[in-house]
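run15.cif (mmCIF, C-alpha atoms) appears below.
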```
data_query
#
loop_
_atom_site.label_atom_id
_atom_site.label_comp_id
_atom_site.auth_asym_id
_atom_site.auth_seq_id
_atom_site.Cartn_x
_atom_site.Cartn_y
_atom_site.Cartn_z
CA MET A 10 36.45 50.83 157.09
CA GLU A 11 37.14 54.26 155.62
CA THR A 12 40.88 53.70 155.61
CA VAL A 13 40.57 50.39 153.73
CA ARG A 14 38.50 51.98 151.02
CA ALA A 15 40.96 54.84 150.69
CA THR A 16 43.88 52.51 150.06
CA ASN A 17 41.86 50.46 147.60
CA VAL A 18 41.15 53.18 145.11
CA ALA A 19 43.90 55.62 146.04
CA GLY A 20 42.03 58.90 146.30
CA ASP A 21 38.40 59.82 146.02
CA THR A 22 35.65 57.49 147.15
CA ALA A 23 34.90 54.44 145.01
CA SER A 24 31.20 55.04 144.55
CA ALA A 25 31.77 58.46 142.97
CA ARG A 26 33.74 56.98 140.05
CA PRO A 27 32.33 55.52 136.82
CA LEU A 28 32.24 51.74 136.65
CA GLY A 29 34.91 51.42 133.94
CA LYS A 30 37.44 53.39 135.93
CA ARG A 31 36.67 51.36 139.00
CA ILE A 32 37.28 48.12 137.10
CA ILE A 33 40.58 49.45 135.78
CA ALA A 34 41.56 50.51 139.29
CA VAL A 35 40.77 47.07 140.67
CA LEU A 36 42.61 45.36 137.81
CA ARG A 37 45.65 47.53 138.38
CA GLN A 38 45.63 46.75 142.05
CA ARG A 39 45.13 43.04 141.47
CA TRP A 40 47.61 42.92 138.59
CA PRO A 41 50.41 41.18 140.49
CA VAL A 42 48.03 38.25 141.05
CA PHE A 43 45.85 38.45 137.97
CA GLY A 44 48.64 39.01 135.40
CA PRO A 45 50.59 35.79 136.04
CA TRP A 46 47.39 33.75 136.06
CA PHE A 47 46.26 35.25 132.78
CA GLY A 48 49.76 34.55 131.45
CA THR A 49 49.37 30.89 132.37
CA LEU A 50 46.04 30.78 130.55
CA ALA A 51 47.64 32.41 127.49
CA ARG A 52 50.47 29.90 127.60
CA LEU A 53 48.10 26.95 127.75
CA ILE A 54 45.92 28.24 124.88
CA LEU A 55 48.92 28.91 122.64
CA ALA A 56 50.52 25.59 123.57
CA GLY A 57 47.31 23.68 122.86
CA VAL A 58 46.84 25.31 119.46
CA PHE A 59 50.43 24.72 118.37
CA ILE A 60 50.69 21.15 119.61
CA VAL A 61 47.42 20.20 117.91
CA ALA A 62 48.36 22.07 114.72
CA GLY A 63 51.77 20.38 114.60
CA ALA A 64 50.46 16.93 115.47
CA LEU A 65 47.82 17.04 112.72
CA LYS A 66 50.47 17.85 110.11
CA VAL A 67 53.32 15.67 111.25
CA GLY A 68 51.79 12.44 109.90
CA ASP A 69 51.98 13.56 106.27
CA LEU A 70 54.90 15.89 105.66
CA ALA A 71 54.54 15.72 101.87
CA GLU A 72 50.97 17.00 102.27
CA SER A 73 52.24 19.69 104.63
CA GLY A 74 54.66 20.79 101.91
CA ARG A 75 51.84 20.93 99.36
CA ALA A 76 49.84 23.09 101.77
CA ALA A 77 52.83 25.46 102.10
CA ASN A 78 53.21 25.56 98.32
CA ALA A 79 49.52 26.33 97.92
CA TYR A 80 50.35 29.84 99.16
CA ASP A 81 52.43 30.20 95.99
CA VAL A 82 55.07 32.40 97.64
CA LEU A 83 58.20 30.27 97.91
CA PRO A 84 59.99 28.20 95.27
CA ILE A 85 58.59 24.64 95.33
CA GLU A 86 61.61 23.11 97.06
CA LEU A 87 61.62 25.75 99.78
CA GLY A 88 57.88 25.23 100.28
CA ARG A 89 58.58 21.53 100.83
CA PHE A 90 61.27 22.46 103.35
CA VAL A 91 58.84 24.68 105.27
CA GLY A 92 56.21 21.96 105.13
CA ALA A 93 58.62 19.44 106.66
CA VAL A 94 60.17 21.69 109.29
CA LEU A 95 57.16 23.66 110.51
CA PRO A 96 55.08 20.90 112.17
CA PHE A 97 58.01 19.80 114.35
CA MET A 98 58.85 23.37 115.30
CA GLU A 99 55.21 24.01 116.18
CA ILE A 100 55.18 21.02 118.51
CA MET A 101 58.43 22.11 120.18
CA VAL A 102 57.20 25.70 120.64
CA GLY A 103 53.96 24.29 122.04
CA VAL A 104 55.75 22.04 124.51
CA LEU A 105 58.04 24.86 125.67
CA LEU A 106 55.01 27.08 126.25
CA LEU A 107 53.20 24.28 128.03
CA VAL A 108 56.02 23.86 130.56
CA GLY A 109 56.78 27.57 130.61
CA LEU A 110 60.48 27.50 129.80
CA ALA A 111 62.08 30.69 128.44
CA THR A 112 58.57 32.04 128.09
CA ARG A 113 59.53 35.46 126.76
CA VAL A 114 61.76 34.18 123.96
CA VAL A 115 59.46 31.30 122.98
CA ALA A 116 56.42 33.63 122.94
CA PHE A 117 58.44 36.00 120.75
CA VAL A 118 59.22 33.18 118.30
CA ASN A 119 55.57 32.13 118.40
CA GLY A 120 54.51 35.72 117.69
CA LEU A 121 56.86 35.94 114.72
CA MET A 122 55.33 32.74 113.35
CA TYR A 123 51.85 34.23 113.66
CA LEU A 124 53.00 37.35 111.81
CA VAL A 125 54.26 35.11 109.00
CA PHE A 126 50.99 33.13 108.97
CA ILE A 127 48.84 36.27 108.91
CA THR A 128 50.93 37.79 106.10
CA ALA A 129 50.78 34.57 104.09
CA ILE A 130 46.99 34.28 104.44
CA ALA A 131 46.48 37.97 103.66
CA GLN A 132 48.54 37.77 100.46
CA ALA A 133 46.61 34.66 99.35
CA TRP A 134 43.36 36.55 99.97
CA ALA A 135 44.58 39.69 98.20
CA ARG A 136 45.74 37.71 95.16
CA GLY A 137 42.44 35.89 94.90
CA LEU A 138 43.83 32.41 95.56
CA THR A 139 41.22 30.03 96.91
CA ILE A 140 43.06 27.95 99.48
CA ASP A 141 42.59 26.64 102.97
CA CYS A 142 45.25 27.96 105.37
CA GLY A 143 46.34 24.39 106.10
CA CYS A 144 46.86 25.47 109.69
CA PHE A 145 45.54 22.18 111.03
CA GLY A 146 46.48 19.80 108.24
CA GLU A 147 44.61 19.51 104.95
CA GLY A 148 45.14 22.84 103.18
CA GLY A 149 45.50 23.35 99.47
CA GLN A 150 42.87 24.55 97.08
CA VAL A 151 39.22 24.81 98.08
CA ALA A 152 36.12 26.06 96.30
CA PRO A 153 35.93 29.88 96.28
CA GLU A 154 32.92 29.83 98.63
CA ASP A 155 34.81 27.63 101.11
CA THR A 156 37.64 30.07 101.82
CA ARG A 157 37.70 31.44 105.36
CA TYR A 158 40.40 34.09 105.15
CA ALA A 159 38.72 36.60 107.47
CA SER A 160 38.14 34.15 110.31
CA GLU A 161 41.62 32.64 109.88
CA ILE A 162 43.22 36.06 110.12
CA PHE A 163 40.97 37.03 113.06
CA ARG A 164 41.92 33.87 114.95
CA ASP A 165 45.62 34.29 114.27
CA THR A 166 45.45 37.94 115.31
CA LEU A 167 43.90 37.03 118.67
CA LEU A 168 46.58 34.38 119.21
CA PHE A 169 49.24 36.89 118.20
CA GLY A 170 47.82 39.17 120.91
CA LEU A 171 48.39 36.42 123.48
CA THR A 172 52.02 36.01 122.37
CA ALA A 173 52.50 39.78 122.67
CA PHE A 174 51.09 39.67 126.20
CA LEU A 175 53.59 36.97 127.16
CA VAL A 176 56.50 38.88 125.66
CA VAL A 177 55.58 41.89 127.84
CA PHE A 178 54.61 39.88 130.94
CA PRO A 179 56.55 36.62 130.77
CA ARG A 180 56.09 35.80 134.48
CA THR A 181 53.35 33.20 134.80
CA ARG A 182 52.13 30.76 137.38
CA TYR A 183 53.09 27.08 137.15
CA SER A 184 56.02 27.63 134.85
CA LEU A 185 59.49 26.10 134.76
CA ASP A 186 60.82 29.65 134.66
CA ALA A 187 59.31 30.27 138.09
CA CYS A 188 60.62 26.94 139.42
CA LEU A 189 64.15 27.73 138.27
CA ALA A 190 63.97 31.20 139.76
CA GLY A 191 63.18 29.83 143.22
CA PRO A 192 60.77 31.29 145.75
CA GLU A 193 62.72 34.41 146.84
CA GLU A 194 62.99 35.75 143.29
CA ASN A 195 59.30 35.30 142.66
CA GLU A 196 58.28 37.63 145.44
CA MET B 22 79.43 50.36 166.72
CA SER B 23 75.86 49.45 165.95
CA LYS B 24 75.72 52.07 163.21
CA ARG B 25 78.77 50.62 161.51
CA TYR B 26 77.33 47.17 161.81
CA SER B 27 74.12 48.13 160.04
CA GLN B 28 76.07 49.92 157.29
CA LYS B 29 78.06 46.75 156.71
CA GLN B 30 74.88 44.74 156.59
CA ALA B 31 73.34 47.09 154.04
CA ALA B 32 76.44 46.83 151.84
CA ALA B 33 76.32 43.04 152.03
CA LYS B 34 72.69 43.13 151.02
CA VAL B 35 73.47 45.19 147.94
CA VAL B 36 76.20 42.74 146.96
CA ARG B 37 73.84 39.81 147.49
CA GLU B 38 71.20 41.45 145.34
CA GLN B 39 73.68 42.14 142.59
CA LEU B 40 74.88 38.56 142.64
CA ALA B 41 71.28 37.35 142.47
CA LYS B 42 70.63 39.68 139.56
CA GLU B 43 73.68 38.35 137.77
CA ARG B 44 72.55 34.76 138.39
CA ARG B 45 69.11 35.56 137.02
CA ARG B 46 70.52 37.22 133.94
CA ARG B 47 72.70 34.22 133.27
CA ARG B 48 69.88 31.76 133.81
CA GLN B 49 67.58 33.65 131.47
CA LEU B 50 70.26 33.80 128.81
CA TRP B 51 70.92 30.07 128.97
CA THR B 52 67.26 29.01 129.06
CA ALA B 53 66.54 31.33 126.12
CA LEU B 54 69.46 29.89 124.19
CA GLY B 55 68.37 26.36 125.08
CA ALA B 56 64.82 27.03 123.92
CA VAL B 57 65.93 28.50 120.59
CA VAL B 58 68.30 25.57 120.01
CA ALA B 59 65.50 23.12 120.90
CA ILE B 60 63.19 24.75 118.34
CA ALA B 61 65.92 24.65 115.69
CA VAL B 62 66.73 21.01 116.48
CA ALA B 63 63.03 20.13 116.18
CA GLY B 64 62.99 21.75 112.73
CA ALA B 65 66.11 19.83 111.70
CA ALA B 66 64.51 16.60 112.94
CA GLY B 67 61.50 17.38 110.74
CA TRP B 68 63.72 17.77 107.72
CA LEU B 69 65.50 14.48 108.47
CA VAL B 70 62.18 12.63 108.85
CA TYR B 71 60.90 14.14 105.60
CA SER B 72 64.10 13.28 103.74
CA SER B 73 63.97 9.71 104.96
CA GLN B 74 60.37 9.40 103.75
CA GLU B 75 61.08 10.87 100.34
CA ASP B 76 62.68 8.50 97.90
CA ASP B 77 63.14 9.57 94.32
CA ARG B 78 63.27 5.97 93.13
CA TYR B 79 59.90 4.60 92.13
CA ASN B 80 58.32 1.70 90.27
CA THR B 81 56.51 2.68 87.11
CA PRO B 82 53.59 0.48 86.13
CA PRO B 83 53.65 -0.99 82.61
CA GLY B 84 51.61 0.78 79.97
CA THR B 85 51.98 4.29 81.36
CA TYR B 86 52.07 7.23 79.02
CA SER B 87 55.20 9.31 78.61
CA ASP B 88 55.67 12.69 77.04
CA ASP B 89 57.65 15.77 78.13
CA GLN B 90 55.11 16.54 80.84
CA SER B 91 53.82 13.20 82.02
CA LYS B 92 57.06 11.17 82.13
CA GLY B 93 55.37 7.88 82.84
CA LEU B 94 53.05 9.29 85.48
CA ALA B 95 49.85 8.95 83.51
CA PHE B 96 47.73 6.63 81.41
CA ALA B 97 46.45 7.65 78.02
CA VAL B 98 43.79 6.49 75.61
CA GLY B 99 43.05 7.57 72.08
CA GLU B 100 44.75 9.61 69.42
CA GLY B 101 43.46 12.81 67.97
CA PRO B 102 44.04 16.49 67.29
CA HIS B 103 43.13 17.49 70.86
CA THR B 104 44.59 16.49 74.21
CA ILE B 105 42.66 16.37 77.46
CA GLU B 106 44.66 15.99 80.65
CA VAL B 107 42.83 14.96 83.81
CA PHE B 108 44.33 15.12 87.31
CA SER B 109 42.01 13.36 89.69
CA ASP B 110 42.03 11.60 93.04
CA TYR B 111 40.05 8.47 93.90
CA GLN B 112 39.00 10.10 97.20
CA CYS B 113 37.71 13.31 95.56
CA PRO B 114 33.91 13.54 95.20
CA ILE B 115 34.00 16.13 92.39
CA CYS B 116 36.43 13.89 90.48
CA ARG B 117 33.86 11.17 90.76
CA SER B 118 31.04 13.30 89.39
CA VAL B 119 33.26 14.54 86.57
CA GLU B 120 34.24 10.96 85.75
CA THR B 121 30.61 9.86 85.76
CA ALA B 122 29.49 12.82 83.66
CA THR B 123 32.24 12.62 81.05
CA ARG B 124 32.82 8.89 80.76
CA ASP B 125 30.51 8.16 77.82
CA THR B 126 31.38 11.36 76.01
CA PHE B 127 35.11 10.71 76.35
CA ASP B 128 34.60 7.18 75.00
CA GLN B 129 32.77 8.59 71.97
CA TRP B 130 35.47 11.18 71.30
CA VAL B 131 38.18 8.53 71.61
CA ALA B 132 36.28 6.24 69.21
CA ALA B 133 35.90 9.14 66.77
CA LYS B 134 39.66 9.82 67.02
CA LYS B 135 39.03 13.35 68.23
CA VAL B 136 41.04 13.36 71.43
CA LYS B 137 43.82 11.81 73.43
CA ILE B 138 42.88 11.56 77.09
CA ILE B 139 45.75 11.54 79.58
CA GLN B 140 44.89 10.64 83.11
CA TYR B 141 46.99 11.34 86.24
CA PRO B 142 45.68 9.40 89.27
CA VAL B 143 47.21 11.67 91.93
CA ALA B 144 46.81 10.80 95.62
CA VAL B 145 46.72 14.07 97.52
CA LEU B 146 43.75 13.46 99.81
CA ASP B 147 45.08 10.98 102.34
CA ASN B 148 44.17 13.55 104.99
CA TYR B 149 40.53 13.10 104.02
CA SER B 150 40.66 9.38 104.67
CA LYS B 151 41.03 7.38 107.84
CA ASN B 152 43.18 4.74 106.13
CA GLU B 153 45.17 6.52 103.42
CA TYR B 154 42.68 5.41 100.82
CA SER B 155 43.86 7.98 98.32
CA THR B 156 47.37 6.53 98.07
CA ARG B 157 46.29 2.90 98.31
CA ALA B 158 43.67 3.27 95.59
CA ALA B 159 46.06 5.03 93.21
CA ALA B 160 48.75 2.41 93.86
CA ALA B 161 46.16 -0.33 93.22
CA ALA B 162 45.30 1.36 89.92
CA GLY B 163 48.97 0.98 89.02
CA CYS B 164 48.67 -2.73 89.85
CA ALA B 165 45.61 -2.95 87.64
CA ALA B 166 47.71 -1.58 84.80
CA GLU B 167 50.04 -4.56 85.25
CA GLY B 168 47.07 -6.75 84.39
CA GLY B 169 46.13 -4.44 81.50
CA LYS B 170 42.96 -3.28 83.23
CA PHE B 171 43.70 0.29 84.30
CA HIS B 172 40.65 1.86 82.70
CA GLU B 173 38.23 -0.78 83.95
CA TYR B 174 39.62 -0.65 87.47
CA ASN B 175 39.77 3.16 87.41
CA HIS B 176 36.04 3.21 86.74
CA ALA B 177 35.33 0.61 89.44
CA LEU B 178 37.24 2.75 91.97
CA TYR B 179 35.05 5.76 91.20
CA VAL B 180 31.86 3.73 91.35
CA ASN B 181 32.88 2.43 94.79
CA GLN B 182 34.27 5.70 96.11
CA PRO B 183 34.12 5.99 99.92
CA ALA B 184 32.85 9.14 101.63
CA GLU B 185 35.43 11.68 102.76
CA ASN B 186 36.80 11.34 106.30
CA THR B 187 35.80 7.69 106.58
CA ALA B 188 37.88 4.53 106.35
CA GLY B 189 37.84 3.59 102.67
CA PRO B 190 37.97 0.03 101.29
CA SER B 191 40.79 -2.04 102.80
CA ASP B 192 43.49 -3.63 100.67
CA ALA B 193 41.50 -6.88 100.77
CA GLU B 194 38.42 -5.03 99.47
CA LEU B 195 40.50 -3.36 96.76
CA ILE B 196 41.65 -6.82 95.69
CA GLU B 197 38.04 -8.07 95.65
CA MET B 198 37.13 -5.08 93.49
CA GLY B 199 39.90 -6.15 91.10
CA LYS B 200 38.28 -9.56 90.68
CA THR B 201 35.11 -7.89 89.38
CA VAL B 202 37.09 -6.53 86.42
CA GLY B 203 39.02 -9.78 85.88
CA LEU B 204 42.21 -9.15 87.87
CA GLY B 205 43.73 -12.13 89.64
CA ASP B 206 46.36 -13.25 92.13
CA SER B 207 49.30 -11.24 90.85
CA PHE B 208 47.14 -8.12 91.18
CA GLY B 209 46.37 -9.10 94.78
CA GLN B 210 50.05 -9.55 95.58
CA CYS B 211 50.89 -6.20 93.99
CA VAL B 212 48.25 -4.41 96.10
CA LYS B 213 49.44 -6.14 99.29
CA ASP B 214 53.05 -5.17 98.54
CA GLY B 215 52.06 -1.57 97.86
CA LYS B 216 54.32 -1.86 94.83
CA TYR B 217 53.28 1.43 93.23
CA LYS B 218 53.00 3.65 96.31
CA THR B 219 56.34 5.15 95.33
CA TRP B 220 54.88 5.92 91.92
CA THR B 221 51.93 7.80 93.45
CA LYS B 222 54.39 9.86 95.51
CA GLN B 223 56.13 10.79 92.29
CA LEU B 224 52.76 11.68 90.76
CA ASN B 225 52.15 13.99 93.71
CA ARG B 226 55.55 15.64 93.36
CA ASN B 227 54.89 16.22 89.67
CA PHE B 228 51.47 17.66 90.55
CA GLU B 229 53.11 20.06 92.97
CA ASN B 230 55.91 20.95 90.56
CA ARG B 231 53.32 21.95 88.00
CA LYS B 232 51.84 24.25 90.65
CA LEU B 233 48.50 22.48 90.61
CA ARG B 234 46.50 22.88 93.79
CA GLY B 235 43.44 20.71 93.76
CA THR B 236 41.58 17.89 92.09
CA PRO B 237 40.04 17.58 89.65
CA THR B 238 42.20 19.73 87.39
CA ILE B 239 41.49 19.40 83.70
CA PHE B 240 43.44 20.85 80.79
CA VAL B 241 42.26 20.91 77.22
CA ASP B 242 45.18 21.47 74.83
CA GLY B 243 47.14 22.95 77.73
CA LYS B 244 44.41 25.32 78.83
CA GLN B 245 42.99 24.82 82.31
CA MET B 246 39.20 24.43 82.49
CA THR B 247 37.52 26.19 85.41
CA ASP B 248 34.25 24.34 84.84
CA PRO B 249 34.71 20.99 83.07
CA SER B 250 31.10 20.52 81.99
CA ILE B 251 30.38 18.57 78.80
CA ALA B 252 29.30 21.79 77.08
CA ASN B 253 32.54 23.58 78.00
CA LEU B 254 34.67 20.58 77.05
CA THR B 255 32.87 20.26 73.73
CA ALA B 256 33.43 23.94 73.02
CA ALA B 257 37.10 23.61 73.98
CA ILE B 258 37.76 20.87 71.44
CA GLY B 259 35.78 22.77 68.82
CA GLY B 260 32.62 20.64 68.74
#
```
Full structure transcribed into structure tokens:
Amino acid sequence: METVRATNVAGDTASARPLGKRIIAVLRQRWPVFGPWFGTLARLILAGVFIVAGALKVGDLAESGRAANAYDVLPIELGRFVGAVLPFMEIMVGVLLLVGLATRVVAFVNGLMYLVFITAIAQAWARGLTIDCGCFGEGGQVAPEDTRYASEIFRDTLLFGLTAFLVVFPRTRYSLDACLAGPEENE
Amino acid sequence: MSKRYSQKQAAAKVVREQLAKERRRRRQLWTALGAVVAIAVAGAAGWLVYSSQEDDRYNTPPGTYSDDQSKGLAFAVGEGPHTIEVFSDYQCPICRSVETATRDTFDQWVAAKKVKIIQYPVAVLDNYSKNEYSTRAAAAAGCAAEGGKFHEYNHALYVNQPAENTAGPSDAELIEMGKTVGLGDSFGQCVKDGKYKTWTKQLNRNFENRKLRGTPTIFVDGKQMTDPSIANLTAAIGG
């Protein structure tokens, strides 16, 4: 019994430590199991958000272009280009995350996209534009009291955090990456 | 003998590990490249789909108004020293209340030869309809212009405006609505054919090119009104 406890917390007895440190110790010990599972969860959340976001925009690409132009950053033609290209790219990024192929690179691309989104929303807020982010279709101008810049940025920041996690820990359960690697490499 | 054997084995293991490492590196490189190419191809596909949907050719309904700005994308009534431009969408509730509130006043000003009213029936709210009502209604308004009844039909569309995020009147119901203002069979055929849907797309492009963001947008003599109340409009045209 004593020996088991000693290996668990590597050093002094568990009960003498504060709770927070004990949790961290357990997490660290369990990391090889917990990390990949959390990675899978992150992948599924990010994939779900991107596939839904892309699918809601793909039906009306002209509207998607107007939503991009509502940010008033790019020349009109370039805004239309972004509006046409982005929904399809979102779906592809989402599908790649869903199956877990090239997780690190795809999460990196996803993270870059979130940085762009956050910057775009922040500049609209700072300049006093009153627009919807158009993240899930719709978009364009809204009444000043209907803007939701803070919650949009908060949400995108959380999702950016998940992409960062996957860039650092790209090994996840139930991924094509793991299938391709084969069993011996995974251990 | 046995010592040499184990040394050999250890060396073989190192080689095996290095080969495995090399394989992994290669696999990661190729999957990464494949993923990036897939994302780029998806983007290119999006551009192709968009380009195939966009067609710069469009039918212009008869009786539209043309000046440097409107280029046949609007209808106008009246002549006068002041110009009021209205960008509105048949699916937009605020457009409806503005139309209801200003209708009589605008008629009076037109009769008194105070203003020219230029109306752009843009169709930017298809996302707020379950059956693309925005575009179909605007295209039907173009058909109404063929029968010389744009203004009557325009008003009927606002009176019968559907709620947002519902299925608006079907084409058949739009045709029925036309009958109430005296539009007949050729109007019905025009609505069924969606003859002026290309025109509404052009209206939307023009709306975007002018950097307008929402409906209703109202200009008086080129100046955008933030609150188009009767009082503000009256002040803007100088009483």
Who sits within 6 Å of range 144-159 of chain B, all atoms listed in the file, same chain under 4 positions skipped, as a PDB file with C-alpha atoms, in the coordinates of the input:
```pdb
ATOM      1  CA  GLU A 147      44.610  19.510 104.950  1.00  0.00           C
TER       2      GLU A 147
ATOM      3  CA  ASP B 110      42.030  11.600  93.040  1.00  0.00           C
ATOM      4  CA  TYR B 111      40.050   8.470  93.900  1.00  0.00           C
ATOM      5  CA  GLN B 112      39.000  10.100  97.200  1.00  0.00           C
ATOM      6  CA  GLU B 185      35.430  11.680 102.760  1.00  0.00           C
ATOM      7  CA  ASN B 186      36.800  11.340 106.300  1.00  0.00           C
ATOM      8  CA  THR B 187      35.800   7.690 106.580  1.00  0.00           C
ATOM      9  CA  ALA B 188      37.880   4.530 106.350  1.00  0.00           C
ATOM     10  CA  GLY B 189      37.840   3.590 102.670  1.00  0.00           C
TER      11      GLY B 189
END
```
Env of range 63-80 of chain A: 9 Å cut, atoms = all atoms listed in the file, seq-sep filter 2 positions within chain, self excluded. Answer as a short mmCIF file (atom, residue, chain, number, x, y, z; two decimals) with C-alpha atoms, keeping the file's coordinate frame.
```cif
data_model
loop_
_atom_site.label_atom_id
_atom_site.label_comp_id
_atom_site.auth_asym_id
_atom_site.auth_seq_id
_atom_site.Cartn_x
_atom_site.Cartn_y
_atom_site.Cartn_z
CA VAL A 58 46.84 25.31 119.46
CA PHE A 59 50.43 24.72 118.37
CA ILE A 60 50.69 21.15 119.61
CA VAL A 61 47.42 20.20 117.91
CA VAL A 82 55.07 32.40 97.64
CA LEU A 83 58.20 30.27 97.91
CA PRO A 84 59.99 28.20 95.27
CA ILE A 85 58.59 24.64 95.33
CA GLU A 86 61.61 23.11 97.06
CA LEU A 87 61.62 25.75 99.78
CA GLY A 88 57.88 25.23 100.28
CA ARG A 89 58.58 21.53 100.83
CA PHE A 90 61.27 22.46 103.35
CA VAL A 91 58.84 24.68 105.27
CA GLY A 92 56.21 21.96 105.13
CA ALA A 93 58.62 19.44 106.66
CA VAL A 94 60.17 21.69 109.29
CA LEU A 95 57.16 23.66 110.51
CA PRO A 96 55.08 20.90 112.17
CA PHE A 97 58.01 19.80 114.35
CA MET A 98 58.85 23.37 115.30
CA GLU A 99 55.21 24.01 116.18
CA ILE A 100 55.18 21.02 118.51
CA MET A 101 58.43 22.11 120.18
CA GLY A 103 53.96 24.29 122.04
CA ALA A 129 50.78 34.57 104.09
CA ILE A 130 46.99 34.28 104.44
CA GLN A 132 48.54 37.77 100.46
CA ALA A 133 46.61 34.66 99.35
CA LEU A 138 43.83 32.41 95.56
CA ILE A 140 43.06 27.95 99.48
CA ASP A 141 42.59 26.64 102.97
CA CYS A 142 45.25 27.96 105.37
CA GLY A 143 46.34 24.39 106.10
CA CYS A 144 46.86 25.47 109.69
CA PHE A 145 45.54 22.18 111.03
CA GLY A 146 46.48 19.80 108.24
CA GLU A 147 44.61 19.51 104.95
CA GLY A 148 45.14 22.84 103.18
CA GLY A 149 45.50 23.35 99.47
CA GLN A 150 42.87 24.55 97.08
CA GLY B 67 61.50 17.38 110.74
CA VAL B 70 62.18 12.63 108.85
CA TYR B 71 60.90 14.14 105.60
CA GLN B 74 60.37 9.40 103.75
CA GLU B 75 61.08 10.87 100.34
CA VAL B 145 46.72 14.07 97.52
CA LEU B 146 43.75 13.46 99.81
CA ASP B 147 45.08 10.98 102.34
CA ASN B 148 44.17 13.55 104.99
CA LYS B 222 54.39 9.86 95.51
CA ASN B 225 52.15 13.99 93.71
CA ARG B 226 55.55 15.64 93.36
CA GLU B 229 53.11 20.06 92.97
CA LYS B 232 51.84 24.25 90.65
CA LEU B 233 48.50 22.48 90.61
CA ARG B 234 46.50 22.88 93.79
#
```
Problem set entry | Who sits within 12 Å of Val177 in chain A, only C-alpha atoms, same chain under 6 positions skipped, as a ChimeraX atom specification | /A:44-45,48,112-114,116-117,120,170-171
For this session: With the file shown as input, list the residues that the PyMOL selection byres ((chain B and resi 53-60) around 8) selects, as number ranges by chain.
Result: A: 98, 101-102, 105, 110-111, 114-115; B: 49-52, 61-64
Store the residues picked out above in a file with C-alpha atoms, as a PDB file, in the coordinates of the input.
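Everything below was put into result.pdb:
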```
ATOM      1  CA  MET A  98      58.850  23.370 115.300  1.00  0.00           C
ATOM      2  CA  MET A 101      58.430  22.110 120.180  1.00  0.00           C
ATOM      3  CA  VAL A 102      57.200  25.700 120.640  1.00  0.00           C
ATOM      4  CA  LEU A 105      58.040  24.860 125.670  1.00  0.00           C
ATOM      5  CA  LEU A 110      60.480  27.500 129.800  1.00  0.00           C
ATOM      6  CA  ALA A 111      62.080  30.690 128.440  1.00  0.00           C
ATOM      7  CA  VAL A 114      61.760  34.180 123.960  1.00  0.00           C
ATOM      8  CA  VAL A 115      59.460  31.300 122.980  1.00  0.00           C
TER       9      VAL A 115
ATOM     10  CA  GLN B  49      67.580  33.650 131.470  1.00  0.00           C
ATOM     11  CA  LEU B  50      70.260  33.800 128.810  1.00  0.00           C
ATOM     12  CA  TRP B  51      70.920  30.070 128.970  1.00  0.00           C
ATOM     13  CA  THR B  52      67.260  29.010 129.060  1.00  0.00           C
ATOM     14  CA  ALA B  61      65.920  24.650 115.690  1.00  0.00           C
ATOM     15  CA  VAL B  62      66.730  21.010 116.480  1.00  0.00           C
ATOM     16  CA  ALA B  63      63.030  20.130 116.180  1.00  0.00           C
ATOM     17  CA  GLY B  64      62.990  21.750 112.730  1.00  0.00           C
TER      18      GLY B  64
END
```
For this session: Quick one: apply the PyMOL selection byres ((chain B and resi 239) around 12) to the file and drop the selected residues here as a ChimeraX atom specification.
Result: /B:104-109,115-116,119-120,123,138-141,233-238,240-250,253-254,257
Exercise. Distance CA of Ser87 in chain B-CA of Arg117 in chain B, one decimal place?
Worked result: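 The value is 24.6 Å.
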Exercise. Can you tell me how far CA of Arg164 in chain A sits from CA of Leu55 in chain A, in Å to one decimal?
Worked result: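 Separation between CA of Arg164 in chain A and CA of Leu55 in chain A: 11.5 Å.
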For this session: Take CA of Thr139 in chain A and CA of Asp155 in chain A and report the distance between them in Å, one decimal.
Result: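 Separating CA of Thr139 in chain A from CA of Asp155 in chain A is a distance of 8.0 Å.
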For this session: Would you mind listing what lies within 7 Å of range 205-214 of chain B as a PyMOL selection string, with only C-alpha atoms counted and same-chain residues fewer than 4 positions away left out?
Result: chain B and resi 161+164-165+168+192+196+200
Exercise. For Ala159 in chain A, which residue among A:Cys188, A:Ala135, A:Val42, A:Val118 is the nearest when counting all atoms listed in the file?
Worked result: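 The answer is A:Ala135, which sits nearest to Ala159 in chain A.
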